Amino acid sequence: MKTIAIIGAGPGLGFSLAKTFGRQGFRIAMVSRTQEKLDQYADQLNKMGIEAQGFAADITNKIQLTRAFQHIKDAFGSIDVMEYSPYNGSVSVTPVLDTTDDSVLQIFNNVVIGAINSARQVIPEMTVRGEGALLFTSDLSAMSPSHLFGNTGIAMSGLRNYILNLHERLLPLGVYVGHLSISPLIKKGTGFDPDLVAEAWYNLYEKRAKAEETFPKSIMEILN
């Protein structure tokens, strides 16, 4: 069985990704700060017949994150797919004129540094095997600058730059790197349901025809 590690797992998109990939035969490893919540997600998934386990770590803490990845490998063996969904936590979104160095650094450490540290935990083994996938989720400020998202736009666009560079470098080595930029309107029971986002993610991963996509696909036409 293949294993997907969902970094930044939560009750929304993270849980939907776990269900979607789990139904395709993946074992699920979830990483976020609170072990109790992770255990609850894992229990729900196990009841669905999906093998899942949580590994608590603060993704901004390199030592904790490295330890979590090692525990995943000890439990499941190699990691075949890593999905990174940066969660902003208590960091406020600031418009550009209110953006400060502190407001940028807090979210940059979460979004970009966390992504780099996570990717470096799996890239060496994937390149040796000649297969694997790194999947990164961002919000639309990665694709379309807006003065309302001053600090997040800096971080998300930096993340996108890193993703596209990884894609170009790793694709010839057999490792797929994908980016899905999603609408902030994600909400259960709507046309932006996280289950629909997870399906879009699986389709992008399975086809591997392009480096990035948006959800919904037409959203950039509206923004532009």
# chains A, B, ... in the order shown; residues from 1 in each chain; ligands from 1

call {"tool": "residues_around", "arguments": {"residues": "A:Gln121", "least_positions_apart": "3", "cutoff": "12 Å", "atoms": "only C-alpha atoms", "output": "PyMOL selection string"}}
result
chain A and resi 5+7+62-63+65-73+78-82+114-118+124-127+134

call {"tool": "select_by_dssp", "arguments": {"residues": "stretch 16-224 of chain A", "states": "strand (DSSP E)", "output": "PyMOL selection string"}}
result
chain A and resi 27-32+52-56+81-84+132-139+175-182+212-215

call {"tool": "write_last_selection", "arguments": {"atoms": "C-alpha atoms", "output": "JSON list (two decimals), in the first residue's frame"}}
result
[["chain", "number", "residue", "atom", "x", "y", "z"],
["A", 27, "ARG", "CA", -2.62, 4.67, 4.15],
["A", 28, "ILE", "CA", -2.96, 8.04, 5.81],
["A", 29, "ALA", "CA", -0.41, 9.81, 8.01],
["A", 30, "MET", "CA", -1.58, 13.16, 9.38],
["A", 31, "VAL", "CA", 0.52, 15.88, 10.96],
["A", 32, "SER", "CA", -0.74, 18.88, 12.92],
["A", 52, "ALA", "CA", -4.78, 6.17, 9.39],
["A", 53, "GLN", "CA", -2.60, 7.53, 12.18],
["A", 54, "GLY", "CA", -1.77, 10.98, 13.51],
["A", 55, "PHE", "CA", 1.66, 12.38, 14.40],
["A", 56, "ALA", "CA", 1.62, 15.63, 16.37],
["A", 81, "VAL", "CA", 2.92, 11.26, -1.48],
["A", 82, "MET", "CA", 3.27, 14.35, 0.70],
["A", 83, "GLU", "CA", 0.54, 16.97, 0.75],
["A", 84, "TYR", "CA", 1.26, 20.29, 2.43],
["A", 132, "GLY", "CA", 6.75, 9.97, -5.61],
["A", 133, "ALA", "CA", 4.73, 13.17, -5.43],
["A", 134, "LEU", "CA", 4.80, 16.43, -3.52],
["A", 135, "LEU", "CA", 1.49, 18.30, -3.43],
["A", 136, "PHE", "CA", 1.19, 21.86, -2.13],
["A", 137, "THR", "CA", -2.03, 23.76, -1.43],
["A", 138, "SER", "CA", -2.13, 27.56, -1.41],
["A", 139, "ASP", "CA", -4.77, 30.27, -1.45],
["A", 175, "VAL", "CA", 8.96, 12.89, -8.80],
["A", 176, "TYR", "CA", 5.80, 14.89, -9.51],
["A", 177, "VAL", "CA", 5.35, 18.27, -7.82],
["A", 178, "GLY", "CA", 1.88, 19.83, -7.98],
["A", 179, "HIS", "CA", 0.22, 23.02, -6.80],
["A", 180, "LEU", "CA", -3.49, 23.63, -6.24],
["A", 181, "SER", "CA", -4.49, 27.20, -5.44],
["A", 182, "ILE", "CA", -7.93, 27.29, -3.86],
["A", 212, "GLU", "CA", -0.65, 23.66, -11.13],
["A", 213, "GLU", "CA", -4.36, 24.27, -11.18],
["A", 214, "THR", "CA", -6.90, 26.43, -9.38],
["A", 215, "PHE", "CA", -10.13, 25.48, -7.65]]

call {"tool": "closest_residue", "arguments": {"among": "A:Leu45, A:Leu173, A:Ala9, A:Leu166", "to": "A:Ala57", "atoms": "only C-alpha atoms"}}
result
A:Ala9

call {"tool": "atom_distance", "arguments": {"atom1": "atom CA of A:Gln64", "atom2": "atom CA of A:Met1"}}
result
26.1 Å

call {"tool": "atom_distance", "arguments": {"atom1": "atom CA of A:Gly8", "atom2": "atom CA of A:Ile59"}}
result
7.4 Å

call {"tool": "select_by_dssp", "arguments": {"residues": "stretch 28-117 of chain A", "states": "alpha helix (DSSP H)", "output": "PyMOL selection string"}}
result
chain A and resi 35-47+62-76+101-108+114-117

call {"tool": "closest_residue", "arguments": {"among": "A:Asn151, A:Ser144, A:Thr20, A:Asn61", "to": "A:Ser92", "atoms": "only C-alpha atoms"}}
result
A:Asn151

call {"tool": "closest_residue", "arguments": {"among": "A:Val112, A:Leu185, A:Leu170, A:Ala198", "to": "A:Ile6", "atoms": "only C-alpha atoms"}}
result
A:Ala198

call {"tool": "atom_distance", "arguments": {"atom1": "atom CA of A:Ser146", "atom2": "atom CA of A:Thr99"}}
result
12.6 Å
